[in-house]
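Data file: structure.cif. Format and content: mmCIF, C-alpha atoms.
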data_protein
#
loop_
_atom_site.label_atom_id
_atom_site.label_comp_id
_atom_site.auth_asym_id
_atom_site.auth_seq_id
_atom_site.Cartn_x
_atom_site.Cartn_y
_atom_site.Cartn_z
CA MET P 184 0.00 0.00 0.00
CA HIS P 185 1.41 3.36 -0.99
CA ARG P 186 0.78 6.94 -0.04
CA SER P 187 -1.33 9.24 -2.16
CA GLU P 188 0.49 11.34 -4.71
CA SER P 189 -2.67 13.25 -5.65
CA GLY P 190 -1.88 16.33 -3.59
CA GLN P 191 -5.14 15.77 -1.70
CA LEU P 192 -3.46 14.45 1.43
CA ARG P 193 -0.25 15.60 3.11
CA LEU P 194 1.48 15.11 6.44
CA ALA P 195 2.75 18.63 7.11
CA ASP P 196 6.54 18.77 7.36
CA ARG P 197 7.63 22.01 5.68
CA PRO P 198 9.59 24.66 7.63
CA ALA P 199 6.64 27.03 7.10
CA ASP P 200 4.29 24.45 8.67
CA TYR P 201 6.34 24.19 11.86
CA LYS P 202 6.66 27.97 12.06
CA ARG P 203 2.93 28.52 11.61
CA LEU P 204 2.09 25.85 14.18
CA GLY P 205 4.67 27.13 16.67
CA ILE P 206 6.24 23.71 17.18
CA ALA P 207 9.66 22.11 16.63
CA PRO P 208 10.28 19.37 14.03
CA VAL P 209 11.23 16.72 16.61
CA LYS P 210 10.93 17.87 20.23
CA VAL P 211 7.36 17.90 21.53
CA ALA P 212 6.40 20.79 23.83
CA GLU P 213 4.13 20.33 26.84
CA PHE P 214 1.45 22.68 25.45
CA GLU P 215 0.94 20.28 22.53
CA ASP P 216 -0.93 17.92 24.86
CA GLY P 217 -3.14 20.74 26.11
CA GLN P 218 -6.34 21.87 24.44
CA ARG P 219 -5.38 22.60 20.82
CA ILE P 220 -8.66 23.57 19.20
CA GLY P 221 -11.94 25.19 20.19
CA THR P 222 -15.17 23.42 21.05
CA GLU P 223 -17.32 25.21 18.46
CA ARG P 224 -19.32 23.29 15.87
CA GLY P 225 -17.10 21.22 13.56
CA CYS P 226 -14.17 21.03 15.98
CA TYR P 227 -13.46 18.01 18.15
CA GLU P 228 -10.72 16.75 20.44
CA TRP P 229 -10.01 13.74 22.62
CA TRP P 230 -7.38 12.38 25.00
CA TYR P 231 -7.00 8.59 24.85
CA PHE P 232 -5.39 6.02 27.19
CA ASP P 233 -5.08 2.27 26.98
CA ALA P 234 -3.26 -0.44 28.90
CA HIS P 235 -2.88 -4.17 28.71
CA LEU P 236 -2.14 -5.33 32.23
CA ASP P 237 -0.06 -8.18 33.56
CA ASN P 238 -3.17 -9.85 35.01
CA GLY P 239 -4.65 -10.16 31.49
CA ALA P 240 -7.07 -7.22 31.70
CA THR P 241 -7.30 -4.49 29.05
CA ILE P 242 -8.45 -0.95 29.90
CA VAL P 243 -9.30 1.93 27.56
CA VAL P 244 -10.30 5.41 28.83
CA VAL P 245 -11.10 8.38 26.60
CA PHE P 246 -12.02 12.00 27.45
CA TYR P 247 -13.84 13.82 24.60
CA THR P 248 -14.94 17.40 24.05
CA LYS P 249 -17.92 15.89 22.22
CA PRO P 250 -18.95 12.50 20.81
CA ASN P 251 -16.65 11.69 17.92
CA VAL P 252 -19.66 10.98 15.71
CA SER P 253 -21.23 14.40 16.43
CA PRO P 254 -18.46 16.98 15.90
CA ASN P 255 -20.94 19.48 14.49
CA SER P 256 -22.57 19.73 17.89
CA PRO P 257 -21.47 22.39 20.38
CA LEU P 258 -19.39 21.36 23.42
CA ALA P 259 -20.83 18.07 24.75
CA PRO P 260 -18.19 16.40 26.96
CA ARG P 261 -18.06 12.62 27.09
CA ILE P 262 -16.00 9.94 28.86
CA THR P 263 -15.83 6.29 27.87
CA ILE P 264 -14.35 3.39 29.85
CA ASN P 265 -13.90 -0.04 28.30
CA ILE P 266 -12.61 -2.86 30.51
CA THR P 267 -12.01 -6.42 29.30
CA LEU P 268 -11.31 -8.79 32.19
CA PRO P 269 -9.24 -11.99 32.08
CA ASP P 270 -12.41 -14.03 32.74
CA GLY P 271 -13.98 -12.70 29.53
CA ARG P 272 -16.32 -10.14 31.07
CA ILE P 273 -16.47 -6.85 29.15
CA PHE P 274 -17.67 -3.52 30.56
CA ASP P 275 -18.33 -0.73 28.07
CA LYS P 276 -19.40 2.48 29.85
CA LEU P 277 -20.24 5.96 28.60
CA LEU P 278 -20.83 9.23 30.47
CA ASP P 279 -22.23 12.36 28.84
CA ALA P 280 -21.79 15.50 30.94
CA ARG P 281 -23.13 19.06 30.83
CA PRO P 282 -20.92 21.57 28.98
CA GLU P 283 -20.22 23.61 32.10
CA LEU P 284 -18.56 20.56 33.69
CA PHE P 285 -15.75 20.60 31.10
CA SER P 286 -12.46 22.47 31.40
CA ALA P 287 -9.06 22.01 29.78
CA SER P 288 -5.74 23.82 29.96
CA GLU P 289 -4.02 25.15 26.85
CA SER P 290 -0.56 25.05 28.44
CA GLY P 291 -0.52 21.30 29.11
CA CYS P 292 -2.72 18.26 29.56
CA ASP P 293 -5.24 18.95 32.32
CA VAL P 294 -8.73 17.94 31.25
CA ARG P 295 -11.62 17.85 33.70
CA ILE P 296 -15.14 16.58 33.14
CA GLY P 297 -16.96 16.94 36.43
CA THR P 298 -14.89 15.15 39.08
CA ASN P 299 -13.07 13.09 36.44
CA ARG P 300 -9.59 14.21 35.41
CA PHE P 301 -6.89 13.46 32.82
CA VAL P 302 -3.67 15.33 33.71
CA GLY P 303 0.02 14.99 32.85
CA ASP P 304 3.24 16.55 31.54
CA LEU P 305 4.32 14.30 28.59
CA HIS P 306 6.02 11.95 31.04
CA ARG P 307 3.78 11.31 34.06
CA TYR P 308 -0.02 11.17 33.93
CA ARG P 309 -2.87 10.59 36.35
CA ILE P 310 -6.30 9.58 35.05
CA THR P 311 -9.30 9.20 37.34
CA ALA P 312 -12.81 8.43 36.12
CA THR P 313 -16.03 6.91 37.41
CA ILE P 314 -19.05 5.82 35.37
CA GLU P 315 -21.85 4.05 37.23
CA GLU P 316 -20.33 1.08 39.12
CA ILE P 317 -16.98 1.29 37.28
CA SER P 318 -14.09 3.46 38.44
CA VAL P 319 -10.42 3.71 37.41
CA ASP P 320 -7.40 5.38 38.98
CA ILE P 321 -4.40 5.25 36.65
CA GLU P 322 -0.80 6.38 36.92
CA LEU P 323 1.18 6.33 33.65
CA THR P 324 4.94 6.90 33.40
CA GLY P 325 6.45 7.23 29.93
CA LYS P 326 9.28 4.93 28.84
CA VAL P 327 9.46 6.26 25.25
CA ARG P 328 9.55 10.02 24.73
CA ALA P 329 6.61 11.94 23.31
CA TRP P 330 6.65 11.67 19.52
CA ARG P 331 4.59 12.69 16.52
CA PRO P 332 4.70 11.86 12.82
CA LYS P 333 6.49 14.96 11.49
CA SER P 334 4.26 17.85 12.65
CA GLY P 335 1.43 15.49 13.57
CA HIS P 336 -0.92 17.55 11.35
CA LEU P 337 -2.49 15.67 8.42
CA TYR P 338 -4.12 18.02 5.88
CA PHE P 339 -6.78 17.08 3.34
CA GLY P 340 -7.60 19.07 0.21
CA ALA P 341 -6.01 21.79 -1.90
CA GLU P 342 -3.77 24.36 -0.23
CA GLY P 343 -5.76 27.28 1.09
CA GLN P 344 -8.76 24.99 1.64
CA GLU P 345 -7.08 22.34 3.78
CA LYS P 346 -8.95 20.49 6.51
CA LEU P 347 -7.17 19.12 9.57
CA PHE P 348 -6.80 15.83 11.39
CA ALA P 349 -4.04 15.99 14.06
CA TRP P 350 -2.45 13.29 16.20
CA LEU P 351 0.08 13.34 19.05
CA PRO P 352 1.30 10.11 20.72
CA SER P 353 2.21 11.78 24.01
CA VAL P 354 3.28 8.51 25.67
CA PRO P 355 4.10 5.95 22.93
CA GLN P 356 4.82 3.39 25.63
CA GLY P 357 4.96 3.53 29.39
CA LEU P 358 4.34 1.78 32.69
CA ALA P 359 0.70 1.91 33.76
CA SER P 360 -0.24 1.27 37.40
CA VAL P 361 -4.00 0.85 37.58
CA ARG P 362 -6.59 0.51 40.29
CA TYR P 363 -9.99 -0.37 38.89
CA SER P 364 -13.23 -1.13 40.68
CA ILE P 365 -16.36 -2.91 39.50
CA GLY P 366 -18.95 -2.36 42.19
CA ASN P 367 -17.39 -3.70 45.40
CA GLU P 368 -14.79 -5.68 43.45
CA GLU P 369 -11.41 -3.89 43.45
CA HIS P 370 -8.31 -4.81 41.46
CA ARG P 371 -4.76 -3.47 41.22
CA ALA P 372 -2.45 -4.31 38.36
CA SER P 373 0.30 -2.85 36.21
CA GLY P 374 1.38 -3.26 32.62
CA SER P 375 2.10 -1.50 29.35
CA GLY P 376 0.30 1.83 28.89
CA TYR P 377 -0.17 4.34 26.08
CA HIS P 378 -1.64 7.83 25.69
CA ASP P 379 -2.37 9.89 22.60
CA HIS P 380 -4.33 13.01 21.68
CA ASN P 381 -6.36 13.84 18.55
CA TRP P 382 -8.13 16.93 17.25
CA GLY P 383 -9.54 18.37 14.04
CA ASP P 384 -11.62 21.13 12.51
CA VAL P 385 -14.23 19.24 10.44
CA PRO P 386 -16.06 15.95 10.99
CA MET P 387 -13.62 13.05 10.54
CA GLN P 388 -16.08 11.14 8.39
CA THR P 389 -15.85 13.90 5.74
CA LEU P 390 -12.06 13.36 5.50
CA ILE P 391 -11.33 9.75 6.37
CA HIS P 392 -12.75 6.58 4.86
CA ASN P 393 -11.09 4.25 7.38
CA TRP P 394 -8.02 3.74 9.48
CA TYR P 395 -6.19 0.89 11.15
CA TRP P 396 -4.27 1.94 14.25
CA ALA P 397 -2.13 -0.25 16.48
CA ARG P 398 0.36 -0.01 19.28
CA ALA P 399 2.32 -2.74 21.03
CA SER P 400 5.53 -3.70 22.82
CA ALA P 401 7.49 -6.93 22.44
CA GLY P 402 10.94 -7.61 23.84
CA PRO P 403 12.95 -4.36 23.68
CA TYR P 404 10.70 -2.94 20.94
CA THR P 405 7.73 -0.57 20.93
CA ILE P 406 5.64 -0.01 17.81
CA ILE P 407 2.99 2.54 16.86
CA ALA P 408 1.54 2.11 13.39
CA SER P 409 -1.45 3.47 11.55
CA THR P 410 -2.73 3.42 7.99
CA ILE P 411 -5.21 6.19 7.15
CA THR P 412 -7.30 5.99 3.97
CA ALA P 413 -8.86 9.28 2.86
CA ALA P 414 -12.50 9.65 1.88
CA ALA P 415 -13.53 9.42 -1.78
CA ALA P 416 -13.49 13.22 -2.07
CA TYR P 417 -9.72 13.03 -1.47
CA GLY P 418 -9.09 10.15 -3.87
CA HIS P 419 -8.92 7.39 -1.23
CA GLY P 420 -5.26 8.37 -0.78
CA THR P 421 -3.36 6.67 2.03
CA GLN P 422 -0.94 7.85 4.68
CA ILE P 423 1.10 5.48 6.83
CA VAL P 424 2.24 6.59 10.27
CA TYR P 425 4.99 4.51 11.87
CA MET P 426 7.28 4.62 14.89
CA LEU P 427 9.56 1.83 16.10
CA ALA P 428 11.59 2.23 19.29
CA LYS P 429 14.17 -0.10 20.81
CA ASP P 430 15.13 0.12 24.49
CA GLY P 431 13.18 3.37 24.68
CA ARG P 432 15.02 5.03 21.76
CA ILE P 433 13.23 5.71 18.48
CA ILE P 434 15.07 3.90 15.64
CA ALA P 435 12.64 4.06 12.70
CA ASP P 436 9.92 6.57 11.83
CA ASP P 437 10.24 7.43 8.11
CA ASP P 438 6.82 6.63 6.63
CA ALA P 439 8.33 6.56 3.10
CA LYS P 440 10.16 3.34 4.03
CA VAL P 441 7.06 1.43 5.18
CA SER P 442 4.73 -0.93 3.33
CA PHE P 443 1.41 -2.21 4.71
CA GLU P 444 -0.46 -5.43 3.93
CA LEU P 445 -3.69 -7.04 5.12
CA ASP P 446 -4.34 -10.77 5.22
CA ARG P 447 -7.34 -13.02 5.96
CA VAL P 448 -9.99 -10.33 5.46
CA THR P 449 -13.60 -11.25 6.29
CA ILE P 450 -16.83 -9.27 6.51
CA ASP P 451 -17.79 -8.51 10.12
CA GLY P 452 -21.22 -9.94 10.85
CA LYS P 453 -22.44 -7.02 12.96
CA THR P 454 -21.03 -4.01 11.13
CA GLY P 455 -20.72 -5.28 7.57
CA LYS P 456 -17.17 -3.92 7.27
CA PRO P 457 -14.14 -5.85 5.95
CA VAL P 458 -11.90 -6.77 8.88
CA ALA P 459 -8.42 -8.27 8.61
CA ASP P 460 -7.24 -11.05 10.90
CA VAL P 461 -3.62 -10.15 10.13
CA MET P 462 -1.77 -6.88 9.42
CA HIS P 463 1.87 -6.59 8.36
CA TYR P 464 4.02 -3.45 8.48
CA THR P 465 7.43 -3.82 6.80
CA TYR P 466 10.11 -1.15 7.24
CA HIS P 467 12.98 -1.24 4.71
CA ASP P 468 16.21 0.54 5.61
CA ALA P 469 19.00 -0.55 3.22
CA GLU P 470 19.67 -4.22 4.09
CA THR P 471 17.77 -4.00 7.40
CA ARG P 472 14.08 -4.89 7.57
CA TYR P 473 11.69 -4.71 10.49
CA VAL P 474 8.52 -6.77 10.05
CA VAL P 475 5.71 -6.14 12.54
CA SER P 476 2.67 -8.43 12.32
CA PHE P 477 -0.60 -8.18 14.25
CA GLU P 478 -2.82 -11.28 14.47
CA ARG P 479 -6.35 -10.84 15.78
CA GLN P 480 -7.46 -13.24 18.51
CA LYS P 481 -10.56 -11.47 19.84
CA THR P 482 -12.77 -8.51 18.95
CA ILE P 483 -13.48 -6.67 22.22
CA LEU P 484 -15.64 -3.89 20.79
CA GLN P 485 -17.88 -3.59 17.73
CA ALA P 486 -19.85 -0.35 17.61
CA ILE P 487 -22.10 0.94 14.88
CA LEU P 488 -21.42 4.64 15.35
CA THR P 489 -25.00 5.80 15.08
CA GLU P 490 -26.14 3.45 17.87
CA ARG P 491 -24.91 5.97 20.44
CA ALA P 492 -26.54 8.95 18.75
CA PRO P 493 -29.94 10.44 19.64
CA LEU P 494 -32.93 9.03 17.74
CA LEU P 495 -33.26 11.98 15.36
CA LYS P 496 -29.57 11.78 14.42
CA ARG P 497 -29.88 8.03 13.87
CA ILE P 498 -32.79 8.59 11.51
CA ILE P 499 -30.90 11.31 9.60
CA ALA P 500 -27.82 9.06 9.39
CA ARG P 501 -29.89 6.27 7.87
CA LEU P 502 -31.46 8.68 5.40
CA VAL P 503 -28.07 9.90 4.17
CA GLY P 504 -26.66 6.37 4.18
CA PHE P 505 -24.07 6.82 6.97
CA ASP P 506 -23.17 3.45 8.48
CA GLY P 507 -19.82 4.08 10.15
CA ALA P 508 -18.44 1.50 12.58
CA TYR P 509 -15.63 1.08 15.10
CA HIS P 510 -13.83 -2.15 16.01
CA ARG P 511 -11.26 -2.77 18.76
CA PHE P 512 -9.18 -5.94 18.78
CA ILE P 513 -6.71 -7.74 21.01
CA GLY P 514 -4.27 -10.35 19.80
CA LYS P 515 -0.64 -11.17 19.18
CA VAL P 516 2.10 -8.92 17.85
CA THR P 517 5.30 -10.33 16.36
CA ILE P 518 8.29 -8.04 15.79
CA GLU P 519 11.07 -9.46 13.61
CA THR P 520 14.35 -7.96 12.42
CA PHE P 521 16.15 -9.11 9.28
CA GLU P 522 19.55 -8.37 7.78
CA GLY P 523 19.29 -9.37 4.15
CA ARG P 524 17.52 -12.73 4.25
CA ALA P 525 18.74 -13.64 7.73
CA ARG P 526 16.30 -13.23 10.60
CA LEU P 527 18.20 -11.83 13.58
CA GLU P 528 15.44 -11.41 16.17
CA SER P 529 11.82 -12.32 16.81
CA PHE P 530 9.67 -11.24 19.75
CA GLU P 531 5.98 -11.83 20.54
CA ASP P 532 3.55 -10.24 22.98
CA ARG P 533 -0.05 -9.10 23.41
CA ALA P 534 -1.34 -6.08 21.50
CA ILE P 535 -4.39 -3.87 21.10
CA TRP P 536 -5.51 -2.21 17.87
CA GLU P 537 -8.53 -0.70 16.17
CA LEU P 538 -10.31 -0.24 12.88
CA MET P 539 -12.38 2.93 12.43
CA TYR P 540 -14.53 2.67 9.33
CA PHE P 541 -16.55 5.76 8.39
CA GLY P 542 -17.21 5.00 4.72
CA LYS P 543 -19.03 2.33 2.78
CA ALA P 544 -17.27 -1.04 2.67
CA ARG P 545 -14.59 -0.99 -0.03
CA LEU P 546 -13.47 -4.37 -1.31
CA GLN P 547 -11.35 -3.27 -4.29
CA GLY P 548 -8.12 -5.20 -4.26
CA ILE P 549 -9.14 -7.17 -1.15
CA ALA P 550 -9.33 -10.94 -1.31
CA LEU P 551 -11.93 -12.10 1.19
CA TYR P 552 -10.96 -15.05 3.39
CA ASP P 553 -13.31 -18.02 3.44
CA SER P 554 -12.68 -19.87 6.70
CA THR P 555 -14.66 -22.89 5.48
CA THR P 556 -11.96 -23.59 2.90
CA HIS P 557 -9.07 -23.00 5.32
CA ALA P 558 -9.90 -25.54 7.98
#

Would you mind giving the structure from this file in structure tokens?
Amino acid sequence: MHRSESGQLRLADRPADYKRLGIAPVKVAEFEDGQRIGTERGCYEWWYFDAHLDNGATIVVVFYTKPNVSPNSPLAPRITINITLPDGRIFDKLLDARPELFSASESGCDVRIGTNRFVGDLHRYRITATIEEISVDIELTGKVRAWRPKSGHLYFGAEGQEKLFAWLPSVPQGLASVRYSIGNEEHRASGSGYHDHNWGDVPMQTLIHNWYWARASAGPYTIIASTITAAAAYGHGTQIVYMLAKDGRIIADDDAKVSFELDRVTIDGKTGKPVADVMHYTYHDAETRYVVSFERQKTILQAILTERAPLLKRIIARLVGFDGAYHRFIGKVTIETFEGRARLESFEDRAIWELMYFGKARLQGIALYDSTTHA
């Protein structure tokens, strides 16, 4: 899979881009994890955290300025908590709060929605949230420095009319210490944690057809990888985002050196979207190759995006044919290094990744996998 050359999609990296944005090409400033855009109609922003814990649990917590399917609404703060327990139980909670209960700093990450808080300084974070009988208290300490793909600002459309989707992996990988409660049941565990931050100035579904996004650690390596496919209006161009770190030091992040492949694609029964069992990212650097493979073992969340919208918005979405869906997966990551044809290293571990699919299912160039013939 290759990046678009149509001029409809660009990851901003010109000197003038950095100057206009007030940021440095490599070093991330603390204000970049603060509130970066307004809450008026069309604008959205969220702060995301996930962890896979040593006891087998997976936790995802997100603070939003508004539901990500309703960016044209005014400020409408939301928190979601998704917990998957080792025994198979899944808790998927959502809290919508009044606008006056939201506040966020522009100088650094300090987001409050009522008594819930997401605060940190690009290295240490504290996240506390309660929804119904579920509560979490999280401490995250970064092991890999804050990073972004070039400026982190992906622009769609012709210059002068560009629309924005921005992304900052504030903690690409860190140690998460988590206390989580389910009613009277309390657990403490630690494991690998991650935090990133997104914002934009128009509804994502008008810019993006779909994206795969993944993050994982295995052995001394940490990987963040995403493949973004633009909407039809922008030629279905693609942009790969990629960062590989070893022993906490970033060793590969040039998207021009990465190829992306999907394997064993089937149609999801609930959402109707094509979902891959396996993803491969291959990074070529002279004779050195890094091959990172994600193999799905379980789908922990399937959400038809309009299901969480008010009735009127659901009806309008059906009328205009919007059937966006979100999937979150857990499974196995394998990170291999090659020198020429010789494999030097191979590490495996657990991973979490997602597929956001705003557009209609596109099957061009995709060979669907028939499990009945692959017994």

Worksheet entry | Minimum-distance residue to P:Ser253, chosen among P:Tyr464, P:Tyr227, P:Phe214, P:Phe541 (using all atoms listed in the file) | P:Tyr227

Discussion item. Going by the chain IDs and residue numbers used in this file, which residues fall under the PyMOL selection byres ((chain P and resi 521) around 12)? Write them as a ChimeraX atom specification.
Written reply: /P:465-475,518-520,522-529

How would you write, as a compact mmCIF listing (two decimals) with C-alpha atoms, keeping the file's coordinate frame, the residues chosen by the PyMOL selection byres ((chain P and resi 455) around 12) on this structure?
# COMPACT_ATOMS: atom_id res chain seq x y z
CA THR P 449 -13.60 -11.25 6.29
CA ILE P 450 -16.83 -9.27 6.51
CA ASP P 451 -17.79 -8.51 10.12
CA GLY P 452 -21.22 -9.94 10.85
CA LYS P 453 -22.44 -7.02 12.96
CA THR P 454 -21.03 -4.01 11.13
CA LYS P 456 -17.17 -3.92 7.27
CA PRO P 457 -14.14 -5.85 5.95
CA VAL P 458 -11.90 -6.77 8.88
CA GLN P 485 -17.88 -3.59 17.73
CA ALA P 486 -19.85 -0.35 17.61
CA ILE P 487 -22.10 0.94 14.88
CA ASP P 506 -23.17 3.45 8.48
CA GLY P 507 -19.82 4.08 10.15
CA ALA P 508 -18.44 1.50 12.58
CA TYR P 509 -15.63 1.08 15.10
CA HIS P 510 -13.83 -2.15 16.01
CA TYR P 540 -14.53 2.67 9.33
CA PHE P 541 -16.55 5.76 8.39
CA GLY P 542 -17.21 5.00 4.72
CA LYS P 543 -19.03 2.33 2.78
CA ALA P 544 -17.27 -1.04 2.67
CA ARG P 545 -14.59 -0.99 -0.03
CA LEU P 546 -13.47 -4.37 -1.31

Fill in: Expected selection from the PyMOL selection byres ((chain P and resi 405) around 8), given as a PyMOL selection string
chain P and resi 355-356+398-401+403-404+406-407+426-429+431

Close residues, stretch 318-320 of chain P itself excluded, 10 Å, all atoms listed in the file, min 4 positions apart in chain, as an mmCIF file with C-alpha atoms, in the frame of the given file:
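Written output follows (result01.cif):
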data_model
loop_
_atom_site.group_PDB
_atom_site.id
_atom_site.type_symbol
_atom_site.label_atom_id
_atom_site.label_comp_id
_atom_site.auth_asym_id
_atom_site.auth_seq_id
_atom_site.Cartn_x
_atom_site.Cartn_y
_atom_site.Cartn_z
ATOM 1 C CA ILE P 242 -8.450 -0.950 29.900
ATOM 2 C CA VAL P 244 -10.300 5.410 28.830
ATOM 3 C CA ILE P 264 -14.350 3.390 29.850
ATOM 4 C CA ILE P 266 -12.610 -2.860 30.510
ATOM 5 C CA ASN P 299 -13.070 13.090 36.440
ATOM 6 C CA ARG P 300 -9.590 14.210 35.410
ATOM 7 C CA ARG P 309 -2.870 10.590 36.350
ATOM 8 C CA ILE P 310 -6.300 9.580 35.050
ATOM 9 C CA THR P 311 -9.300 9.200 37.340
ATOM 10 C CA ALA P 312 -12.810 8.430 36.120
ATOM 11 C CA THR P 313 -16.030 6.910 37.410
ATOM 12 C CA ILE P 314 -19.050 5.820 35.370
ATOM 13 C CA SER P 360 -0.240 1.270 37.400
ATOM 14 C CA VAL P 361 -4.000 0.850 37.580
ATOM 15 C CA ARG P 362 -6.590 0.510 40.290
ATOM 16 C CA TYR P 363 -9.990 -0.370 38.890
ATOM 17 C CA SER P 364 -13.230 -1.130 40.680
ATOM 18 C CA ILE P 365 -16.360 -2.910 39.500
ATOM 19 C CA GLY P 366 -18.950 -2.360 42.190
ATOM 20 C CA GLU P 369 -11.410 -3.890 43.450
ATOM 21 C CA HIS P 370 -8.310 -4.810 41.460
ATOM 22 C CA ARG P 371 -4.760 -3.470 41.220
#

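Considering all atoms listed in the file, the residue among P:Thr421, P:Thr248, P:Asn393, P:Ser409 positioned nearest to P:Leu284 is P:Thr248.
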
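Excluding P:Lys481 itself and same-chain residues fewer than 5 positions from it, the residues having an atom within 8 Å of it are Phe512, Ile513 and Gly514 of chain P, counting all atoms listed in the file.
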
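Note that atom CA of P:His378 and atom CA of P:Val516 are 18.9 Å apart.
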
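Going from atom CA of P:Gly325 to atom CA of P:Ile273 covers 26.9 Å.
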
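Going from atom CA of P:Ile423 over to atom CA of P:Leu194, you cover 9.6 Å.
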
Worksheet entry | Nearby residues, (9.6, 6.4, 11.5) file frame, 9 Å, only C-alpha atoms, as a VMD selection string | chain P and resid 332 424 to 427 433 to 441 466
